[in-house]
Structures are given as structure tokens and as C-alpha cells.
Amino acid sequence: MAPTTAIPSGASAAVLKPSEPMPDFAVSVEGPNFEEEISLQKLLESYKRIGFQANSLGKAIEIVNKMRKWRLSDEPVAEDESEEYLSQEVRENTKCNVFLGYTSNLISSGLREIILYLVKHKHVSAIVTTAGGIEEDFIKCLGKTYLADFNLDGADLRRRGMNRIGNLIVPNDNYCKFEDWLTPILDAMLAEQKETGQVWTPSSFIRRLGKEINHEESVYYWAYKNDIPVFCPALTDGSLGDMIYFHSFKNPGLVVDIVQDIRNLNELSRKSKKAGMIILGGGVCKHQIANAMLIRNGADYSVYINTGQEFDGSDSGARPDEAVSWGKIRAGSESVKVFADATLVFPLLVAATFAQPGPRA
């Protein structure tokens, strides 16, 4: 039998299937050209065309720059606009409120200095974090956190009085210093509460600590100086909770009211003419901001940076589109999730946005 020379038609049709023409708006994949001199800014601009998570970071940079640029004067005057927003000058000075959320480990890391920069220069309007995200900032003013290794033996570290946060080490003496610093402040706050009858909220509690630390290396010192509210719904979930627990035996009666703070956060969201979320990590800080956005029918700009996956149904791993279904991100608004460790990509995001000259958020 003579060998056949014809390509089987079914195989040919399967492999050589013709494509539809690409639309005019399609963008081709292209990486940076290191044959040319390239600045950091130009390198980051190239991320938009690399693909995968580089492309997501490029989109995050674009969204954050839109948050920074937006002014109410960009929008037509609404028929039902309140009188205070009719002035052109007021409209030109009404900006997008940027809500920044982050988990405690990021304050333990070197991202603390980047967050401090944002707060010091008034790039954010409000912060939501966890108890560790508060206390670790003050503890760093009292003692150093050190680089270490993920593989250190836990039992040996415990014997030596060393606390591991990933590949970082915090000597337990730092927490002892924290108690020595915090206890007299708690005494004074309780005395003021008894004298005035006014209880504390987590945000007023944090503001007071920012004032007391009086240290320019503290994020919350600058939040106090610049009148930027810091919300912490889980204030007792950490060393702060330990110290409040001990204090309740020594000098009982201190009250911290979370109800007033949820009103303050939700009202700040509701009254925002434009609102953007930048959320590093998941858990309380992510959902508390997103839930506040529900009060205004969703955020206008949203950037998530975390490594969480959605297959387990966790809010931490949820993509922005899930928040759209709840009304926490507006349908049709601009949003992105960057699947990455925030310590890798947030410095790049800030370098390409808030660190550049231009309008401040």
C-alpha cells in the first residue's frame, strides 16, 4: 500500500484554525527594552504590557493616579447639589477621599516607612488597620525589629524571649517597654473619662497615643498632626488588648466605644464626593473599608493587593467583582486586584504614584 502524502483534513482544520481579526483597541504584549537607558518610572510604565500580575500592577498604578487627579470640578454640577459645593473654588479643592487599609505585619515590615510617608504628606484621608498595625508602630519607636529567617525554631525563640513575625524578630523586651509607656497613659485616659463622662473610641484612643508618642518616626504621630482618622475595629486583638486587660485589674473602668467609630467611618464614606480604596492584605481592614463603601453604594476606585485566593469563599481572597455584587464597589467603576506580596509591589506602586510630582490625594 502506497504511503499517503495528504495531510488529514480533520487534523489540519483543528491545528490551523483561522482566527478572527483582532479589534483595533487590542494591545500587544511587550516588555521593557533594556538596550535603552530606562528610569524606574519608565520601567513601571512598561508593566502595563508585560502581562499577568505585572499588568495588574500597571492597572493599579493607573487607578491610583486617577484617585490623585480627580477633583469635583471635573464633574458637572448636579441639579440637587448642596450650596456648599456650588463654588468653583470649593469644587476645585474637593478631592477623592482615599481610604487606606493594611494588616499588622506590614507595619512590622519596612512598609511602615512608606505608610508614614503617605500619612505625613496627607495622601490618604482615613486608615483602617488591626491592633498589631497600631501597636507595632509605637513599639518600633521604643525598640528595633530585626531581620531573621522563616525557619528559626519556635521553641528556641520562645526560650530566648524572641517573637517571630515571618522572617522578622521582635525582642519581647520591646513589649515590656510598651507596657511601661502605655500604662500611665491609660491611667490618664481613665481619669479624663471619669472627669468628663466622655468615653473613648478606638480612633480617639489611637489619636491620643499618636500625640503622646511625639515621635516623627511614628505613622500615628503624623496621623495625629494631620488630623487623619485611624480606625481599628479589633483594637483589643493584640498587645494593646493585653495591656488593656492588665489595666482592667489594676485600675478598672476604661471604656472604648466601637459604635461611635463605625458611625464616623461610615459617615466619612457617605459624604465623600469620590472615594477610593487601597487595601493591602485582607481580613478586618479589607472588609471594614469595603463595608463602609456600601453606605455610599460603592467605591469609585479600588485597588486590592494580597495573596488570598477565593476558592475557600473568604472575603480576604475575594476579587473586586464579588464586592460589586454587594454594592461595595460601584458597577462600572475602576478596580483591580494584584495577586502579590504587598512588600514586593506596594513600594513600586507608591514610587509610580504618590512619590511623583502632581496633585495630592
# chains A, B, ... in the order shown; residues from 1 in each chain; ligands from 1
>>> residues_around(residues="region 31-39 of chain A", least_positions_apart="6", cutoff="7 Å", atoms="only C-alpha atoms", output="PyMOL selection string")
chain A and resi 46+49-50
>>> residues_around(residues="Arg270 (chain A)", least_positions_apart="6", cutoff="9 Å", atoms="only C-alpha atoms", output="PyMOL selection string")
chain A and resi 292-297
>>> select_by_dssp(residues="region 115-335 of chain A", states="alpha helix (DSSP H)", output="VMD selection string")
chain A and resid 115 to 120 131 to 142 154 to 160 173 to 196 202 to 213 219 to 225 239 to 250 258 to 270 284 to 294 320 to 326
>>> closest_atom_pairs(of="region 131-235 of chain A", to="region 255-265 of chain A", cutoff="8 Å", atoms="only C-alpha atoms", output="JSON lines")
{"residue": "A:Val199", "atom": "CA", "partner": "A:Val255", "partner_atom": "CA", "distance": 5.7}
{"residue": "A:Trp200", "atom": "CA", "partner": "A:Val256", "partner_atom": "CA", "distance": 4.8}
{"residue": "A:Thr201", "atom": "CA", "partner": "A:Asp257", "partner_atom": "CA", "distance": 4.7}
{"residue": "A:Pro202", "atom": "CA", "partner": "A:Val256", "partner_atom": "CA", "distance": 6.3}
{"residue": "A:Ser203", "atom": "CA", "partner": "A:Asp261", "partner_atom": "CA", "distance": 6.8}
{"residue": "A:Phe205", "atom": "CA", "partner": "A:Val256", "partner_atom": "CA", "distance": 7.9}
{"residue": "A:Phe231", "atom": "CA", "partner": "A:Asp261", "partner_atom": "CA", "distance": 7.1}
{"residue": "A:Pro233", "atom": "CA", "partner": "A:Ile258", "partner_atom": "CA", "distance": 6.7}
>>> write_last_selection(atoms="C-alpha atoms", output="compact mmCIF listing (two decimals), in the first residue's frame")
# COMPACT_ATOMS: atom_id res chain seq x y z
CA VAL A 199 -15.79 57.60 76.73
CA TRP A 200 -13.05 56.85 74.23
CA THR A 201 -13.42 55.36 70.76
CA PRO A 202 -10.70 53.29 69.06
CA SER A 203 -9.89 56.26 66.78
CA PHE A 205 -7.64 56.26 71.63
CA PHE A 231 -9.97 53.20 62.72
CA PRO A 233 -12.38 47.75 64.93
>>> atom_distance(atom1="CA of Val119 (chain A)", atom2="CA of Val219 (chain A)")
6.8 Å
>>> atom_distance(atom1="CA of Gly283 (chain A)", atom2="CA of Glu334 (chain A)")
21.9 Å
>>> residues_around(residues="Thr307 (chain A)", least_positions_apart="4", cutoff="10 Å", atoms="only C-alpha atoms", output="tab-separated table (two decimals) with C-alpha atoms, in the first residue's frame")
chain	number	residue	atom	x	y	z
A	280	LEU	CA	-3.06	45.75	51.50
A	281	GLY	CA	-3.91	42.28	52.79
A	282	GLY	CA	-7.30	41.03	53.92
A	316	SER	CA	-9.74	38.17	52.11
A	317	GLY	CA	-9.33	36.25	48.86
A	337	LYS	CA	-6.64	43.02	42.46
A	338	VAL	CA	-2.89	42.45	42.33
A	339	PHE	CA	-2.09	38.91	43.46
A	340	ALA	CA	1.21	39.58	45.19
A	341	ASP	CA	3.01	40.11	48.48
A	342	ALA	CA	2.47	43.78	49.30
>>> residues_around(residues="Leu106 (chain A)", least_positions_apart="5", cutoff="12 Å", atoms="only C-alpha atoms", output="ChimeraX atom specification")
/A:101,111-116,129-130,132-134,136-137,165-166,168,279-282,305-306,341-344,346-347
>>> atom_distance(atom1="CA of Ile107 (chain A)", atom2="CA of Ala155 (chain A)")
24.9 Å
>>> closest_residue(among="A:Met243, A:Val128, A:Ile169, A:Ile61", to="Leu147 (chain A)", atoms="only C-alpha atoms")
A:Ile169
>>> residues_around(residues="Arg164 (chain A)", least_positions_apart="3", cutoff="9 Å", atoms="only C-alpha atoms", output="JSON, numbers by chain")
{"A": [148, 149, 150, 152, 154, 157, 167, 168, 169, 170, 171]}
>>> closest_residue(among="A:Thr196, A:Asn226, A:Thr94, A:Asn55", to="Ser73 (chain A)", atoms="only C-alpha atoms")
A:Thr94
>>> residues_around(residues="Ile213 (chain A)", least_positions_apart="2", cutoff="10 Å", atoms="only C-alpha atoms", output="PDB file with N, CA and C atoms, in the first residue's frame")
ATOM      1  N   PHE A 138       4.123  52.011  67.464  1.00  0.00           N
ATOM      2  CA  PHE A 138       4.636  52.618  68.698  1.00  0.00           C
ATOM      3  C   PHE A 138       5.797  51.811  69.268  1.00  0.00           C
ATOM      4  N   CYS A 141       9.072  52.655  67.920  1.00  0.00           N
ATOM      5  CA  CYS A 141       9.653  53.887  68.470  1.00  0.00           C
ATOM      6  C   CYS A 141      10.405  53.610  69.767  1.00  0.00           C
ATOM      7  N   LEU A 142      10.124  52.477  70.387  1.00  0.00           N
ATOM      8  CA  LEU A 142      10.717  52.121  71.676  1.00  0.00           C
ATOM      9  C   LEU A 142      11.845  51.098  71.539  1.00  0.00           C
ATOM     10  N   TRP A 181       5.352  52.288  78.853  1.00  0.00           N
ATOM     11  CA  TRP A 181       4.963  53.550  78.217  1.00  0.00           C
ATOM     12  C   TRP A 181       3.454  53.733  78.245  1.00  0.00           C
ATOM     13  N   LEU A 182       2.708  52.643  77.993  1.00  0.00           N
ATOM     14  CA  LEU A 182       1.261  52.751  77.806  1.00  0.00           C
ATOM     15  C   LEU A 182       0.483  52.880  79.113  1.00  0.00           C
ATOM     16  N   ARG A 208      -4.842  59.774  70.630  1.00  0.00           N
ATOM     17  CA  ARG A 208      -4.170  60.157  71.866  1.00  0.00           C
ATOM     18  C   ARG A 208      -2.767  59.534  71.943  1.00  0.00           C
ATOM     19  N   LEU A 209      -2.653  58.277  71.550  1.00  0.00           N
ATOM     20  CA  LEU A 209      -1.339  57.629  71.568  1.00  0.00           C
ATOM     21  C   LEU A 209      -0.387  58.293  70.563  1.00  0.00           C
ATOM     22  N   GLY A 210      -0.910  58.714  69.424  1.00  0.00           N
ATOM     23  CA  GLY A 210      -0.086  59.426  68.448  1.00  0.00           C
ATOM     24  C   GLY A 210       0.436  60.737  68.994  1.00  0.00           C
ATOM     25  N   LYS A 211      -0.404  61.411  69.774  1.00  0.00           N
ATOM     26  CA  LYS A 211       0.032  62.647  70.423  1.00  0.00           C
ATOM     27  C   LYS A 211       1.084  62.356  71.486  1.00  0.00           C
ATOM     28  N   HIS A 215       6.763  61.434  68.237  1.00  0.00           N
ATOM     29  CA  HIS A 215       7.960  60.871  67.585  1.00  0.00           C
ATOM     30  C   HIS A 215       7.737  60.896  66.074  1.00  0.00           C
ATOM     31  N   GLU A 216       8.612  61.556  65.346  1.00  0.00           N
ATOM     32  CA  GLU A 216       8.410  61.731  63.904  1.00  0.00           C
ATOM     33  C   GLU A 216       8.576  60.453  63.099  1.00  0.00           C
ATOM     34  N   GLU A 217       9.054  59.363  63.725  1.00  0.00           N
ATOM     35  CA  GLU A 217       9.135  58.084  63.027  1.00  0.00           C
ATOM     36  C   GLU A 217       7.851  57.277  63.182  1.00  0.00           C
ATOM     37  N   SER A 218       6.857  57.827  63.854  1.00  0.00           N
ATOM     38  CA  SER A 218       5.593  57.132  64.071  1.00  0.00           C
ATOM     39  C   SER A 218       4.556  57.528  63.021  1.00  0.00           C
ATOM     40  N   TYR A 220       1.396  57.159  63.418  1.00  0.00           N
ATOM     41  CA  TYR A 220       0.225  57.719  64.092  1.00  0.00           C
ATOM     42  C   TYR A 220       0.514  59.063  64.745  1.00  0.00           C
ATOM     43  N   TYR A 221       1.766  59.389  64.910  1.00  0.00           N
ATOM     44  CA  TYR A 221       2.124  60.774  65.262  1.00  0.00           C
ATOM     45  C   TYR A 221       1.696  61.692  64.123  1.00  0.00           C
TER      46      TYR A 221
END
>>> select_by_dssp(residues="region 122-213 of chain A", states="strand (DSSP E or B)", output="ChimeraX atom specification")
/A:126-129,146-147,162-165,168-171,200
>>> decode(residues="region 105-131 of chain A", atoms="N, CA, C and O atoms", output="PDB file, in the first residue's frame")
ATOM      1  N   ASN A 105       1.180  42.999  59.960  1.00  0.00           N
ATOM      2  CA  ASN A 105       2.532  42.578  59.571  1.00  0.00           C
ATOM      3  C   ASN A 105       3.224  43.612  58.684  1.00  0.00           C
ATOM      4  O   ASN A 105       4.458  43.660  58.626  1.00  0.00           O
ATOM      5  N   LEU A 106       2.446  44.430  58.012  1.00  0.00           N
ATOM      6  CA  LEU A 106       3.050  45.412  57.104  1.00  0.00           C
ATOM      7  C   LEU A 106       3.652  46.583  57.871  1.00  0.00           C
ATOM      8  O   LEU A 106       4.612  47.202  57.415  1.00  0.00           O
ATOM      9  N   ILE A 107       3.103  46.896  59.048  1.00  0.00           N
ATOM     10  CA  ILE A 107       3.742  47.885  59.921  1.00  0.00           C
ATOM     11  C   ILE A 107       5.005  47.286  60.537  1.00  0.00           C
ATOM     12  O   ILE A 107       6.011  47.978  60.739  1.00  0.00           O
ATOM     13  N   SER A 108       4.976  45.984  60.821  1.00  0.00           N
ATOM     14  CA  SER A 108       6.179  45.307  61.316  1.00  0.00           C
ATOM     15  C   SER A 108       7.288  45.335  60.271  1.00  0.00           C
ATOM     16  O   SER A 108       8.469  45.404  60.609  1.00  0.00           O
ATOM     17  N   SER A 109       6.908  45.305  59.005  1.00  0.00           N
ATOM     18  CA  SER A 109       7.880  45.322  57.901  1.00  0.00           C
ATOM     19  C   SER A 109       8.312  46.758  57.587  1.00  0.00           C
ATOM     20  O   SER A 109       7.848  47.723  58.195  1.00  0.00           O
ATOM     21  N   GLY A 110       9.167  46.873  56.597  1.00  0.00           N
ATOM     22  CA  GLY A 110       9.625  48.183  56.156  1.00  0.00           C
ATOM     23  C   GLY A 110       8.595  48.990  55.388  1.00  0.00           C
ATOM     24  O   GLY A 110       8.864  50.144  55.026  1.00  0.00           O
ATOM     25  N   LEU A 111       7.418  48.422  55.149  1.00  0.00           N
ATOM     26  CA  LEU A 111       6.355  49.222  54.537  1.00  0.00           C
ATOM     27  C   LEU A 111       5.884  50.323  55.476  1.00  0.00           C
ATOM     28  O   LEU A 111       5.229  51.270  55.049  1.00  0.00           O
ATOM     29  N   ARG A 112       6.209  50.187  56.765  1.00  0.00           N
ATOM     30  CA  ARG A 112       5.832  51.224  57.728  1.00  0.00           C
ATOM     31  C   ARG A 112       6.322  52.598  57.268  1.00  0.00           C
ATOM     32  O   ARG A 112       5.594  53.596  57.357  1.00  0.00           O
ATOM     33  N   GLU A 113       7.545  52.666  56.771  1.00  0.00           N
ATOM     34  CA  GLU A 113       8.095  53.963  56.351  1.00  0.00           C
ATOM     35  C   GLU A 113       7.354  54.519  55.145  1.00  0.00           C
ATOM     36  O   GLU A 113       7.209  55.742  54.984  1.00  0.00           O
ATOM     37  N   ILE A 114       6.849  53.641  54.279  1.00  0.00           N
ATOM     38  CA  ILE A 114       6.078  54.090  53.118  1.00  0.00           C
ATOM     39  C   ILE A 114       4.708  54.600  53.558  1.00  0.00           C
ATOM     40  O   ILE A 114       4.234  55.644  53.098  1.00  0.00           O
ATOM     41  N   ILE A 115       4.079  53.882  54.478  1.00  0.00           N
ATOM     42  CA  ILE A 115       2.795  54.328  55.023  1.00  0.00           C
ATOM     43  C   ILE A 115       2.967  55.659  55.742  1.00  0.00           C
ATOM     44  O   ILE A 115       2.145  56.570  55.612  1.00  0.00           O
ATOM     45  N   LEU A 116       4.053  55.788  56.497  1.00  0.00           N
ATOM     46  CA  LEU A 116       4.348  57.056  57.178  1.00  0.00           C
ATOM     47  C   LEU A 116       4.442  58.200  56.170  1.00  0.00           C
ATOM     48  O   LEU A 116       3.896  59.284  56.398  1.00  0.00           O
ATOM     49  N   TYR A 117       5.121  57.969  55.049  1.00  0.00           N
ATOM     50  CA  TYR A 117       5.249  58.995  54.004  1.00  0.00           C
ATOM     51  C   TYR A 117       3.861  59.432  53.517  1.00  0.00           C
ATOM     52  O   TYR A 117       3.593  60.634  53.363  1.00  0.00           O
ATOM     53  N   LEU A 118       2.986  58.467  53.282  1.00  0.00           N
ATOM     54  CA  LEU A 118       1.643  58.793  52.780  1.00  0.00           C
ATOM     55  C   LEU A 118       0.853  59.626  53.786  1.00  0.00           C
ATOM     56  O   LEU A 118       0.149  60.561  53.416  1.00  0.00           O
ATOM     57  N   VAL A 119       0.989  59.282  55.067  1.00  0.00           N
ATOM     58  CA  VAL A 119       0.259  59.999  56.106  1.00  0.00           C
ATOM     59  C   VAL A 119       0.875  61.377  56.347  1.00  0.00           C
ATOM     60  O   VAL A 119       0.165  62.381  56.468  1.00  0.00           O
ATOM     61  N   LYS A 120       2.188  61.427  56.402  1.00  0.00           N
ATOM     62  CA  LYS A 120       2.883  62.695  56.634  1.00  0.00           C
ATOM     63  C   LYS A 120       2.530  63.718  55.567  1.00  0.00           C
ATOM     64  O   LYS A 120       2.355  64.915  55.861  1.00  0.00           O
ATOM     65  N   HIS A 121       2.407  63.283  54.327  1.00  0.00           N
ATOM     66  CA  HIS A 121       2.135  64.207  53.219  1.00  0.00           C
ATOM     67  C   HIS A 121       0.655  64.255  52.833  1.00  0.00           C
ATOM     68  O   HIS A 121       0.314  64.748  51.759  1.00  0.00           O
ATOM     69  N   LYS A 122      -0.191  63.731  53.700  1.00  0.00           N
ATOM     70  CA  LYS A 122      -1.654  63.851  53.556  1.00  0.00           C
ATOM     71  C   LYS A 122      -2.168  63.244  52.253  1.00  0.00           C
ATOM     72  O   LYS A 122      -3.108  63.767  51.640  1.00  0.00           O
ATOM     73  N   HIS A 123      -1.581  62.122  51.852  1.00  0.00           N
ATOM     74  CA  HIS A 123      -2.042  61.445  50.642  1.00  0.00           C
ATOM     75  C   HIS A 123      -3.268  60.573  50.887  1.00  0.00           C
ATOM     76  O   HIS A 123      -3.882  60.100  49.928  1.00  0.00           O
ATOM     77  N   VAL A 124      -3.587  60.301  52.150  1.00  0.00           N
ATOM     78  CA  VAL A 124      -4.748  59.470  52.471  1.00  0.00           C
ATOM     79  C   VAL A 124      -5.684  60.244  53.391  1.00  0.00           C
ATOM     80  O   VAL A 124      -5.269  61.138  54.126  1.00  0.00           O
ATOM     81  N   SER A 125      -6.957  59.870  53.338  1.00  0.00           N
ATOM     82  CA  SER A 125      -7.988  60.567  54.120  1.00  0.00           C
ATOM     83  C   SER A 125      -8.357  59.817  55.386  1.00  0.00           C
ATOM     84  O   SER A 125      -8.835  60.423  56.346  1.00  0.00           O
ATOM     85  N   ALA A 126      -8.182  58.504  55.377  1.00  0.00           N
ATOM     86  CA  ALA A 126      -8.516  57.682  56.544  1.00  0.00           C
ATOM     87  C   ALA A 126      -7.759  56.376  56.445  1.00  0.00           C
ATOM     88  O   ALA A 126      -7.392  55.925  55.356  1.00  0.00           O
ATOM     89  N   ILE A 127      -7.536  55.760  57.616  1.00  0.00           N
ATOM     90  CA  ILE A 127      -6.832  54.483  57.711  1.00  0.00           C
ATOM     91  C   ILE A 127      -7.696  53.503  58.486  1.00  0.00           C
ATOM     92  O   ILE A 127      -8.356  53.876  59.454  1.00  0.00           O
ATOM     93  N   VAL A 128      -7.672  52.238  58.044  1.00  0.00           N
ATOM     94  CA  VAL A 128      -8.241  51.150  58.838  1.00  0.00           C
ATOM     95  C   VAL A 128      -7.180  50.065  58.944  1.00  0.00           C
ATOM     96  O   VAL A 128      -6.612  49.641  57.935  1.00  0.00           O
ATOM     97  N   THR A 129      -6.886  49.645  60.160  1.00  0.00           N
ATOM     98  CA  THR A 129      -5.911  48.578  60.372  1.00  0.00           C
ATOM     99  C   THR A 129      -6.320  47.752  61.580  1.00  0.00           C
ATOM    100  O   THR A 129      -7.406  47.925  62.137  1.00  0.00           O
ATOM    101  N   THR A 130      -5.444  46.826  61.960  1.00  0.00           N
ATOM    102  CA  THR A 130      -5.709  45.937  63.083  1.00  0.00           C
ATOM    103  C   THR A 130      -4.905  46.396  64.301  1.00  0.00           C
ATOM    104  O   THR A 130      -4.088  47.315  64.206  1.00  0.00           O
ATOM    105  N   ALA A 131      -5.108  45.725  65.445  1.00  0.00           N
ATOM    106  CA  ALA A 131      -4.414  46.124  66.673  1.00  0.00           C
ATOM    107  C   ALA A 131      -2.899  46.098  66.482  1.00  0.00           C
ATOM    108  O   ALA A 131      -2.193  47.034  66.884  1.00  0.00           O
TER     109      ALA A 131
END
